[in-house]
$ cat upload_28.txt   # compact mmCIF, C-alpha atoms
# COMPACT_ATOMS: atom_id res chain seq x y z
CA MET A 1184 15.17 -15.45 1.31
CA ASN A 1185 15.55 -13.90 -2.13
CA SER A 1186 16.45 -10.26 -2.63
CA PHE A 1187 14.19 -7.59 -4.14
CA SER A 1188 16.07 -7.94 -7.44
CA ASP A 1189 15.06 -11.63 -7.66
CA ILE A 1190 11.34 -11.00 -8.21
CA SER A 1191 10.31 -12.51 -11.51
CA PRO A 1192 7.74 -10.57 -13.59
CA PRO A 1193 4.66 -11.89 -15.34
CA ALA A 1194 5.69 -13.38 -18.67
CA ASN A 1195 3.99 -10.67 -20.71
CA ARG A 1196 5.21 -7.66 -18.71
CA PRO A 1197 8.03 -5.79 -20.51
CA LYS A 1198 11.26 -6.88 -18.84
CA ASP A 1199 13.17 -3.81 -19.99
CA ALA A 1200 10.82 -1.18 -18.54
CA THR A 1201 12.78 1.86 -17.42
CA PRO A 1202 11.24 4.66 -15.38
CA PRO A 1203 12.10 8.32 -15.93
CA LEU A 1204 15.44 8.84 -14.21
CA PRO A 1205 16.50 10.24 -11.88
CA LEU A 1206 13.46 9.15 -9.87
CA LEU A 1207 12.15 10.33 -6.50
CA VAL A 1208 10.12 8.05 -4.22
CA THR A 1209 8.10 9.67 -1.42
CA GLY A 1210 6.35 8.08 1.55
CA LEU A 1211 9.29 5.88 2.48
CA ALA A 1212 7.89 5.08 5.94
CA GLY A 1213 4.89 3.26 4.47
CA VAL A 1214 4.85 -0.32 3.23
CA ALA A 1215 4.17 0.53 -0.42
CA GLY A 1216 6.81 3.27 -0.60
CA TYR A 1217 9.46 1.34 1.33
CA ASN A 1218 9.17 -1.76 -0.84
CA ALA A 1219 8.98 0.22 -4.08
CA PHE A 1220 12.14 2.14 -3.16
CA GLN A 1221 14.04 -1.05 -2.33
CA PHE A 1222 12.88 -2.65 -5.57
CA LEU A 1223 13.72 0.33 -7.79
CA ARG A 1224 16.99 1.09 -6.05
CA ALA A 1225 18.12 -2.51 -6.61
CA ARG A 1226 17.64 -2.01 -10.36
CA PHE A 1227 18.64 1.57 -11.02
CA GLY A 1228 21.03 2.30 -8.17
CA SER A 1229 21.87 5.88 -7.30
CA GLN A 1230 19.44 7.19 -9.92
CA VAL A 1231 16.63 6.39 -7.45
CA LEU A 1232 16.32 8.54 -4.33
CA ALA A 1233 13.73 8.75 -1.57
CA ILE A 1234 12.70 11.30 1.03
CA ARG A 1235 11.47 10.85 4.55
CA ARG A 1236 10.35 13.30 7.24
CA THR A 1237 13.21 15.22 8.83
CA ASP A 1238 12.23 14.03 12.32
CA TYR A 1239 12.16 10.36 11.35
CA TRP A 1240 15.91 9.89 11.79
CA PRO A 1241 15.90 6.07 12.26
CA LEU A 1242 14.95 5.71 8.59
CA SER A 1243 18.28 6.36 6.94
CA GLY A 1244 20.63 4.80 4.43
CA PRO A 1245 21.97 5.20 0.91
CA GLY A 1246 19.70 7.32 -1.27
CA ILE A 1247 17.45 8.46 1.60
CA ILE A 1248 17.15 12.23 2.05
CA PRO A 1249 15.45 13.99 5.00
CA CYS A 1250 12.90 16.46 3.62
CA ASN A 1251 9.40 17.51 4.67
CA MET A 1252 7.15 17.58 1.63
CA ASP A 1253 5.07 20.51 2.88
CA ASP A 1254 8.22 22.69 3.00
CA ARG A 1255 8.07 24.55 -0.32
CA ASP A 1256 11.63 25.90 -0.18
CA ALA A 1257 13.14 22.54 0.75
CA MET A 1258 11.30 20.81 -2.07
CA ARG A 1259 12.43 23.42 -4.59
CA ARG A 1260 16.05 23.03 -3.50
CA LEU A 1261 15.73 19.23 -3.72
CA PHE A 1262 14.46 19.34 -7.30
CA ASP A 1263 16.97 22.00 -8.33
CA GLU A 1264 19.79 19.79 -7.08
CA HIS A 1265 18.68 16.45 -8.50
CA GLN A 1266 16.57 17.40 -11.56
CA PHE A 1267 14.14 14.52 -11.10
CA ALA A 1268 12.43 13.22 -14.23
CA GLY A 1269 9.90 11.11 -12.33
CA VAL A 1270 8.14 10.99 -8.96
CA LEU A 1271 6.48 8.00 -7.35
CA HIS A 1272 4.31 9.65 -4.71
CA CYS A 1273 3.48 7.26 -1.86
CA GLU A 1274 3.35 9.92 0.86
CA GLY A 1275 0.35 9.99 3.20
CA THR A 1276 -0.68 9.34 6.76
CA CYS A 1277 -3.08 6.41 6.98
CA LYS A 1278 -3.48 6.30 10.78
CA LEU A 1279 -7.25 6.49 10.93
CA LYS A 1280 -7.64 7.57 14.55
CA SER A 1281 -4.84 10.14 14.39
CA CYS A 1282 -6.44 11.69 11.31
CA GLU A 1283 -9.83 11.92 13.03
CA LEU A 1284 -8.30 13.57 16.09
CA ASP A 1285 -6.08 15.94 14.09
CA PRO A 1286 -7.62 16.74 10.69
CA VAL A 1287 -5.22 19.66 10.24
CA MET A 1288 -2.30 17.24 10.41
CA ALA A 1289 -4.05 14.85 8.02
CA ARG A 1290 -4.62 17.59 5.47
CA ARG A 1291 -1.06 18.89 5.79
CA ILE A 1292 0.43 15.49 4.97
CA ASN A 1293 -2.16 14.16 2.52
CA VAL A 1294 -3.11 17.34 0.67
CA ARG A 1295 -0.67 20.16 1.40
CA SER A 1296 2.27 17.94 0.46
CA MET A 1297 0.63 17.28 -2.89
CA GLU A 1298 0.01 20.98 -3.41
CA VAL A 1299 3.69 21.72 -2.84
CA LEU A 1300 4.78 18.88 -5.13
CA LEU A 1301 2.52 20.09 -7.93
CA GLU A 1302 3.83 23.64 -7.52
CA THR A 1303 7.39 22.34 -7.65
CA ILE A 1304 6.94 20.38 -10.90
CA ALA A 1305 4.41 22.71 -12.53
CA ALA A 1306 6.69 24.01 -15.28
CA SER A 1307 8.28 20.63 -16.04
CA ASP A 1308 7.37 17.38 -17.76
CA VAL A 1309 8.15 15.28 -14.66
CA ARG A 1310 6.28 11.95 -14.76
CA LEU A 1311 4.05 11.70 -11.68
CA VAL A 1312 2.53 8.46 -10.39
CA HIS A 1313 0.42 8.88 -7.24
CA LEU A 1314 -0.86 6.20 -4.88
CA SER A 1315 -4.33 6.74 -3.45
CA ILE A 1316 -6.47 4.29 -1.46
CA ASP A 1317 -9.64 2.19 -1.52
CA LEU A 1318 -10.93 4.06 1.55
CA VAL A 1319 -12.17 6.87 -0.70
CA PHE A 1320 -15.32 4.68 -0.63
CA SER A 1321 -17.65 4.09 2.30
CA GLY A 1322 -18.13 0.44 1.42
CA THR A 1323 -21.91 0.63 1.73
CA ARG A 1324 -22.67 -0.28 -1.90
CA GLY A 1325 -21.57 -3.90 -2.08
CA GLY A 1326 -17.93 -3.54 -3.09
CA ASN A 1327 -16.41 -4.41 -6.47
CA HIS A 1328 -15.91 -0.68 -6.97
CA LEU A 1329 -15.07 0.76 -10.37
CA GLU A 1330 -13.10 3.94 -11.02
CA ASP A 1331 -16.25 5.83 -12.05
CA ASP A 1332 -18.09 5.10 -8.79
CA ALA A 1333 -18.76 8.21 -6.72
CA THR A 1334 -16.45 8.62 -3.74
CA ASP A 1335 -18.06 8.83 -0.30
CA PRO A 1336 -15.39 8.33 2.38
CA VAL A 1337 -16.37 7.97 6.03
CA THR A 1338 -12.98 8.99 7.48
CA ILE A 1339 -10.84 12.12 7.47
CA TYR A 1340 -8.12 10.01 5.89
CA GLY A 1341 -10.38 9.03 3.01
CA LYS A 1342 -11.65 12.58 2.58
CA THR A 1343 -8.15 14.04 2.35
CA MET A 1344 -7.15 11.36 -0.16
CA VAL A 1345 -10.15 12.30 -2.32
CA GLU A 1346 -9.06 15.93 -2.11
CA ALA A 1347 -5.57 14.96 -3.29
CA GLU A 1348 -7.02 12.96 -6.19
CA GLU A 1349 -9.15 15.89 -7.29
CA LEU A 1350 -6.18 18.24 -7.06
CA ILE A 1351 -4.08 16.02 -9.33
CA ALA A 1352 -6.90 15.47 -11.83
CA ARG A 1353 -7.36 19.23 -12.10
CA GLU A 1354 -3.74 20.40 -12.15
CA ARG A 1355 -1.74 17.44 -13.50
CA PRO A 1356 -3.88 15.44 -15.97
CA SER A 1357 -0.74 13.80 -17.34
CA ALA A 1358 -0.28 11.96 -14.03
CA ALA A 1359 -1.36 8.41 -13.29
CA MET A 1360 -3.22 7.68 -10.05
CA LEU A 1361 -3.50 4.17 -8.62
CA ARG A 1362 -5.89 3.37 -5.81
CA ILE A 1363 -4.32 0.59 -3.79
CA SER A 1364 -5.70 -1.48 -0.93
CA LEU A 1365 -3.63 -3.21 1.75
CA PRO A 1366 -0.05 -3.69 0.51
CA MET A 1367 1.31 -6.89 2.03
CA GLY A 1368 5.06 -6.74 2.48
CA VAL A 1369 7.83 -5.93 4.90
CA SER A 1370 7.91 -2.54 6.62
CA PHE A 1371 10.86 -0.55 7.85
CA ASN A 1372 9.84 -0.51 11.50
CA GLY A 1373 7.88 -3.77 11.69
CA HIS A 1374 4.69 -1.91 12.65
CA ALA A 1375 3.45 -0.09 9.54
CA GLY A 1376 1.76 -2.97 7.72
CA ALA A 1377 -1.52 -4.82 8.09
CA ILE A 1378 0.25 -8.09 8.88
CA ASP A 1379 2.54 -6.36 11.38
CA TRP A 1380 -0.15 -5.27 13.84
CA ILE A 1381 -2.11 -8.51 13.68
CA GLN A 1382 0.98 -10.64 14.15
CA SER A 1383 2.25 -8.45 16.98
CA ARG A 1384 -0.88 -9.25 18.98
CA PHE A 1385 -0.65 -12.97 18.36
CA LYS A 1386 3.07 -13.06 19.21
CA LYS A 1387 2.28 -11.64 22.65
CA GLN A 1388 -0.68 -14.03 23.03
CA LYS A 1389 -3.00 -11.03 23.21
CA PRO A 1390 -6.43 -10.89 21.54
CA ALA A 1391 -6.79 -9.22 18.16
CA THR A 1392 -10.28 -8.11 17.16
CA LEU A 1393 -10.98 -7.67 13.46
CA TYR A 1394 -14.13 -6.88 11.48
CA PHE A 1395 -16.30 -9.37 9.65
CA ASP A 1396 -17.75 -6.70 7.37
CA GLU A 1397 -14.81 -4.54 6.28
CA ARG A 1398 -13.56 -6.03 3.03
CA ARG A 1399 -10.41 -5.13 1.11
CA THR A 1400 -8.48 -6.36 -1.95
CA PRO A 1401 -4.91 -6.82 -0.64
CA THR A 1402 -1.83 -7.15 -2.84
CA TYR A 1403 1.67 -8.44 -2.36
CA THR A 1404 4.24 -5.67 -2.64
CA ASP A 1405 6.16 -8.22 -4.74
CA CYS A 1406 3.43 -7.59 -7.32
CA LEU A 1407 2.82 -3.91 -6.63
CA SER A 1408 6.43 -2.75 -6.94
CA PRO A 1409 7.00 -4.16 -10.46
CA LEU A 1410 3.65 -2.71 -11.50
CA LEU A 1411 4.71 0.73 -10.29
CA LEU A 1412 7.88 0.47 -12.34
CA ASP A 1413 5.82 -0.37 -15.42
CA VAL A 1414 3.34 2.46 -14.85
CA LEU A 1415 6.15 4.96 -14.32
CA ALA A 1416 7.63 3.90 -17.67
CA ARG A 1417 4.33 4.30 -19.56
CA ARG A 1418 3.86 8.05 -19.93
CA GLU A 1419 0.80 7.40 -22.07
CA LEU A 1420 -0.92 5.82 -19.05
CA THR A 1421 -2.75 8.70 -17.39
CA GLY A 1422 -5.77 9.14 -15.18
CA LEU A 1423 -7.24 6.97 -12.43
CA TYR A 1424 -6.94 3.21 -12.06
CA HIS A 1425 -7.79 0.69 -9.37
CA ALA A 1426 -4.86 -1.46 -8.27
CA GLY A 1427 -6.36 -3.99 -5.90
CA GLY A 1428 -5.78 -7.72 -5.84
CA PRO A 1429 -8.10 -10.32 -7.37
CA LEU A 1430 -9.25 -11.73 -4.01
CA SER A 1431 -11.59 -9.85 -1.67
CA LEU A 1432 -11.07 -10.63 2.03
CA SER A 1433 -12.52 -9.24 5.23
CA LEU A 1434 -10.14 -7.96 7.88
CA TYR A 1435 -11.21 -10.94 9.99
CA GLU A 1436 -10.31 -13.35 7.18
CA ILE A 1437 -6.93 -11.66 6.76
CA ALA A 1438 -6.30 -12.19 10.47
CA GLN A 1439 -7.39 -15.83 10.11
CA VAL A 1440 -4.70 -16.32 7.47
CA VAL A 1441 -2.04 -14.68 9.68
CA ASN A 1442 -3.14 -16.74 12.68
CA ARG A 1443 -3.08 -20.11 10.94
CA VAL A 1444 0.01 -19.65 8.74
CA GLY A 1445 1.92 -18.15 11.68
CA GLY A 1446 0.99 -21.06 13.93
CA TYR A 1447 -0.53 -18.80 16.58
CA ARG A 1448 -3.23 -19.61 19.14
CA PRO A 1449 -6.67 -19.69 17.47
CA GLU A 1450 -8.38 -18.38 20.60
CA ASP A 1451 -6.56 -15.05 20.33
CA LEU A 1452 -8.51 -14.09 17.20
CA MET A 1453 -11.77 -12.26 17.88
CA GLY A 1454 -14.29 -10.96 15.38
CA CYS A 1455 -17.15 -8.47 15.31
CA ASN A 1456 -19.14 -6.28 12.95
CA ARG A 1457 -18.23 -2.62 12.56
CA ILE A 1458 -21.36 -1.49 14.37
CA GLU A 1459 -20.13 -3.25 17.51
CA ALA A 1460 -16.87 -1.30 17.55
CA GLY A 1461 -16.34 2.14 19.03
CA PRO A 1462 -17.31 5.26 17.08
CA LEU A 1463 -13.71 6.41 16.59
CA PRO A 1464 -12.39 5.97 14.03
CA PRO A 1465 -15.32 5.32 11.68
CA ARG A 1466 -14.88 2.12 9.67
CA ALA A 1467 -15.64 1.50 6.02
CA GLY A 1468 -17.49 -1.59 4.81
CA ASP A 1469 -16.86 -3.47 1.58
CA VAL A 1470 -14.38 -1.28 -0.30
CA SER A 1471 -13.16 -4.08 -2.56
CA MET A 1472 -12.09 -2.81 -5.97
CA ASN A 1473 -12.45 -4.08 -9.51
CA SER A 1474 -9.07 -3.56 -11.20
CA SER A 1475 -9.91 -4.83 -14.68
CA ARG A 1476 -9.44 -1.38 -16.24
CA LEU A 1477 -5.79 -1.39 -15.21
CA ALA A 1478 -5.19 -4.94 -16.44
CA THR A 1479 -6.73 -4.03 -19.80
CA ALA A 1480 -4.65 -0.87 -20.10
CA ILE A 1481 -1.30 -2.58 -19.44
CA GLY A 1482 -2.11 -5.88 -21.16
CA TYR A 1483 -1.62 -8.29 -18.27
CA GLU A 1484 -2.91 -9.15 -14.79
CA PRO A 1485 -0.41 -7.52 -12.42
CA PHE A 1486 -1.53 -9.18 -9.20
CA ASP A 1487 -1.50 -12.69 -7.86
CA PRO A 1488 -4.00 -13.31 -5.07
CA TRP A 1489 -3.00 -12.74 -1.47
CA PRO A 1490 -2.53 -15.30 -0.01
CA TYR A 1491 -0.88 -16.99 -2.97
CA HIS A 1492 -1.74 -20.56 -1.95
CA PRO A 1493 -5.48 -21.31 -2.25
CA GLU A 1494 -5.36 -23.72 0.69
CA PHE A 1495 -4.75 -20.72 2.93
CA VAL A 1496 -7.93 -18.89 1.93
CA PRO A 1497 -10.46 -19.06 4.80
CA THR A 1498 -13.73 -20.87 4.13
CA HIS A 1499 -15.61 -20.14 7.39
CA ARG A 1500 -15.20 -18.27 10.69
CA GLU A 1501 -13.53 -21.15 12.54
CA TRP A 1502 -11.25 -22.08 9.64
CA HIS A 1503 -8.12 -20.79 11.40
CA ALA A 1504 -8.58 -23.34 14.21
CA GLU A 1505 -8.54 -26.31 11.81
CA ARG A 1506 -4.82 -26.99 11.63
CA ASN A 1507 -5.10 -30.54 10.22
CA GLY A 1508 -1.58 -31.35 11.33
CA GLU A 1509 -0.11 -28.22 9.74
CA GLN A 1510 2.93 -26.72 11.41
CA GLY A 1511 2.50 -23.02 10.91
CA SER A 1512 5.29 -20.71 12.07
CA PRO A 1513 6.40 -17.08 11.92
CA GLU A 1514 9.07 -18.22 9.45
CA LEU A 1515 6.44 -19.70 7.14
CA LEU A 1516 4.39 -16.52 7.47
CA ALA A 1517 7.38 -14.41 6.44
CA GLU A 1518 8.02 -16.69 3.48
CA ILE A 1519 4.53 -16.82 1.96
CA LEU A 1520 2.54 -13.85 3.34
CA TYR A 1521 5.10 -11.04 3.41
CA ARG A 1522 6.62 -12.36 0.18
CA ASN A 1523 4.94 -13.82 -2.89
CA PRO A 1524 6.09 -17.38 -3.61
CA GLY A 1525 4.92 -17.01 -7.23
CA ARG A 1526 7.13 -14.04 -8.09
CA ARG A 1527 10.59 -15.36 -7.27
CA LEU A 1528 13.26 -16.85 -9.44
CA ILE A 1529 14.29 -20.34 -8.35

$ encode --input "upload_28.txt" --output "structure tokens"
Amino acid sequence: MNSFSDISPPANRPKDATPPLPLLVTGLAGVAGYNAFQFLRARFGSQVLAIRRTDYWPLSGPGIIPCNMDDRDAMRRLFDEHQFAGVLHCEGTCKLKSCELDPVMARRINVRSMEVLLETIAASDVRLVHLSIDLVFSGTRGGNHLEDDATDPVTIYGKTMVEAEELIARERPSAAMLRISLPMGVSFNGHAGAIDWIQSRFKKQKPATLYFDERRTPTYTDCLSPLLLDVLARRELTGLYHAGGPLSLSLYEIAQVVNRVGGYRPEDLMGCNRIEAGPLPPRAGDVSMNSSRLATAIGYEPFDPWPYHPEFVPTHREWHAERNGEQGSPELLAEILYRNPGRRLI
């Protein structure tokens, strides 16, 4: 398997993009932050650092610093020591049920951390790029959301992410905010990503129930990470942009892809509508995003569709059971669903 430094960019993306250095990446435990850090660290070495929660000791290695973002004194000491010129802010707790049960915790991580970061960089020209989420929408208006659509989240997670967006727009207008969807890539612990949970059920031959009517616009991290590098380098790019993939899929369809490509038992995939699920946590509907504003602003389409191969896009609800002699496997899944076959150098 190729390394992070082997990802080939779109032909018209500047190959010499350089972010403000030294650079800090936050939210290392999440899929987007973990992959972005690996990608950027491979290119710029010790000039790229990351922080993780002090209690999350298994996540360690070169360039990784334990620091809680809501600790004002610790953050001030961190910036005084390293004099960061840029911050890629991927921090946030996206565990929907945990946020509903503990909204104080959700606000501390998703909003208070941003407040402390903005206080820390207030008197500087640090370049800030912040990752938000498609779940700032309820998904009740037919999807294909534009940046100017009114936010109406149904979860505590979504509400705190809206609060963070509003805070940045008010206090740091020079920042760029990207609303992402489901980042498809490897995770540090093997449990943080959308593919991880679905595959974990199938591996154990346990049922996985996904929704027919919750739709997202997933992206490969092999596409997202180079985009984040480019956005960091473009200080003139400010404000809010959608950064979802070109293909809208329901959670059920995503699970169909994982089931078939991974060669798992078709009967272990179950489906239902959101109304048939329990009340906690609330579920959004079609929160698919239109990302044409971003593509226009940077001059190229940053995302390939997930999945990359069109033959692995579901066409009906029993599609995953139609193997047609295909030999799916976890190895194939890792090769073409966690990684983007179209963004590697041969």

$ closest_residue --input "upload_28.txt" --among "A:Leu1463, A:Leu1232, A:Ala1305, A:Ile1339" --to "Phe1320 (chain A)" --atoms "all atoms listed in the file"
A:Ile1339

$ closest_residue --input "upload_28.txt" --among "A:His1374, A:Lys1342, A:Arg1506, A:Arg1522" --to "Thr1404 (chain A)" --atoms "all atoms listed in the file"
A:Arg1522

$ atom_distance --input "upload_28.txt" --atom1 "CA of Val1414 (chain A)" --atom2 "CA of Leu1300 (chain A)"
19.1 Å

$ residues_around --input "upload_28.txt" --residues "region 1380-1388 of chain A" --least-positions-apart "2" --cutoff "8 Å" --atoms "all atoms listed in the file" --output "ChimeraX atom specification"
/A:1374-1378,1390-1391,1438,1441-1442,1445,1447-1448,1451

$ closest_atom_pairs --input "upload_28.txt" --of "region 1410-1439 of chain A" --to "region 1312-1315 of chain A" --cutoff "9 Å" --atoms "only C-alpha atoms" --output "tab-separated table"
residue	atom	partner	partner_atom	distance
A:Leu1411	CA	A:Val1312	CA	8.0
A:Val1414	CA	A:Val1312	CA	7.5
A:Leu1415	CA	A:Val1312	CA	6.4
A:Thr1421	CA	A:Val1312	CA	8.8

$ write_last_selection --input "upload_28.txt" --atoms "C-alpha atoms" --output "mmCIF file, keeping the file's coordinate frame"
data_model
loop_
_atom_site.group_PDB
_atom_site.id
_atom_site.type_symbol
_atom_site.label_atom_id
_atom_site.label_comp_id
_atom_site.auth_asym_id
_atom_site.auth_seq_id
_atom_site.Cartn_x
_atom_site.Cartn_y
_atom_site.Cartn_z
ATOM 1 C CA LEU A 1411 4.710 0.730 -10.290
ATOM 2 C CA VAL A 1414 3.340 2.460 -14.850
ATOM 3 C CA LEU A 1415 6.150 4.960 -14.320
ATOM 4 C CA THR A 1421 -2.750 8.700 -17.390
#

$ residues_around --input "upload_28.txt" --residues "Leu1423 (chain A)" --least-positions-apart "3" --cutoff "10 Å" --atoms "all atoms listed in the file" --output "list in words"
His1313, Leu1314, Ser1315, Glu1330, Asp1331, Glu1348, Ala1352, Pro1356, Ala1358, Ala1359, Met1360, Leu1361, Arg1362, Leu1420, Ala1426, Arg1476 and Leu1477 of chain A

$ closest_residue --input "upload_28.txt" --among "A:Met1367, A:Leu1207, A:Leu1318, A:Ala1347" --to "Ala1517 (chain A)" --atoms "all atoms listed in the file"
A:Met1367

$ atom_distance --input "upload_28.txt" --atom1 "CA of His1499 (chain A)" --atom2 "CA of Ser1433 (chain A)"
11.5 Å

$ axis_aligned_box --input "upload_28.txt" --around "region 1493-1508 of chain A" --padding-each-side "8 Å" --output "AutoDock Vina command-line options"
--center_x -8.6 --center_y -24.8 --center_z 6.0 --size_x 30.0 --size_y 29.1 --size_z 32.5

$ atom_distance --input "upload_28.txt" --atom1 "CA of Gln1439 (chain A)" --atom2 "CA of Ser1281 (chain A)"
26.4 Å

$ closest_residue --input "upload_28.txt" --among "A:Glu1514, A:Pro1366, A:Glu1419, A:Asn1456" --to "Phe1486 (chain A)" --atoms "all atoms listed in the file"
A:Pro1366

$ closest_residue --input "upload_28.txt" --among "A:Ile1292, A:Cys1277, A:Cys1250, A:Ala1268" --to "Ser1364 (chain A)" --atoms "all atoms listed in the file"
A:Cys1277

$ residues_around --input "upload_28.txt" --residues "region 1393-1398 of chain A" --least-positions-apart "6" --cutoff "7 Å" --atoms "all atoms listed in the file" --output "VMD selection string"
chain A and resid 1431 to 1435 1453 to 1457 1467 to 1471

$ residues_around --input "upload_28.txt" --residues "Met1472 (chain A)" --least-positions-apart "4" --cutoff "9 Å" --atoms "all atoms listed in the file" --output "VMD selection string"
chain A and resid 1317 1326 to 1330 1362 to 1364 1399 to 1400 1425 to 1429 1431

$ residues_around --input "upload_28.txt" --residues "Thr1209 (chain A)" --least-positions-apart "2" --cutoff "9 Å" --atoms "only C-alpha atoms" --output "PyMOL selection string"
chain A and resi 1207+1211-1212+1216-1217+1220+1232-1235+1252+1270-1274

$ write_last_selection --input "upload_28.txt" --atoms "C-alpha atoms" --output "short mmCIF file (atom, residue, chain, number, x, y, z; two decimals), keeping the file's coordinate frame"
data_model
loop_
_atom_site.label_atom_id
_atom_site.label_comp_id
_atom_site.auth_asym_id
_atom_site.auth_seq_id
_atom_site.Cartn_x
_atom_site.Cartn_y
_atom_site.Cartn_z
CA LEU A 1207 12.15 10.33 -6.50
CA LEU A 1211 9.29 5.88 2.48
CA ALA A 1212 7.89 5.08 5.94
CA GLY A 1216 6.81 3.27 -0.60
CA TYR A 1217 9.46 1.34 1.33
CA PHE A 1220 12.14 2.14 -3.16
CA LEU A 1232 16.32 8.54 -4.33
CA ALA A 1233 13.73 8.75 -1.57
CA ILE A 1234 12.70 11.30 1.03
CA ARG A 1235 11.47 10.85 4.55
CA MET A 1252 7.15 17.58 1.63
CA VAL A 1270 8.14 10.99 -8.96
CA LEU A 1271 6.48 8.00 -7.35
CA HIS A 1272 4.31 9.65 -4.71
CA CYS A 1273 3.48 7.26 -1.86
CA GLU A 1274 3.35 9.92 0.86
#

$ closest_residue --input "upload_28.txt" --among "A:Ser1370, A:Gly1422, A:Val1287, A:Pro1205" --to "Glu1264 (chain A)" --atoms "all atoms listed in the file"
A:Pro1205

$ residues_near_point --input "upload_28.txt" --point "(17.2, -0.5, 17.1)" --cutoff "12 Å" --atoms "all atoms listed in the file" --output "PyMOL selection string"
chain A and resi 1240-1242+1371-1373
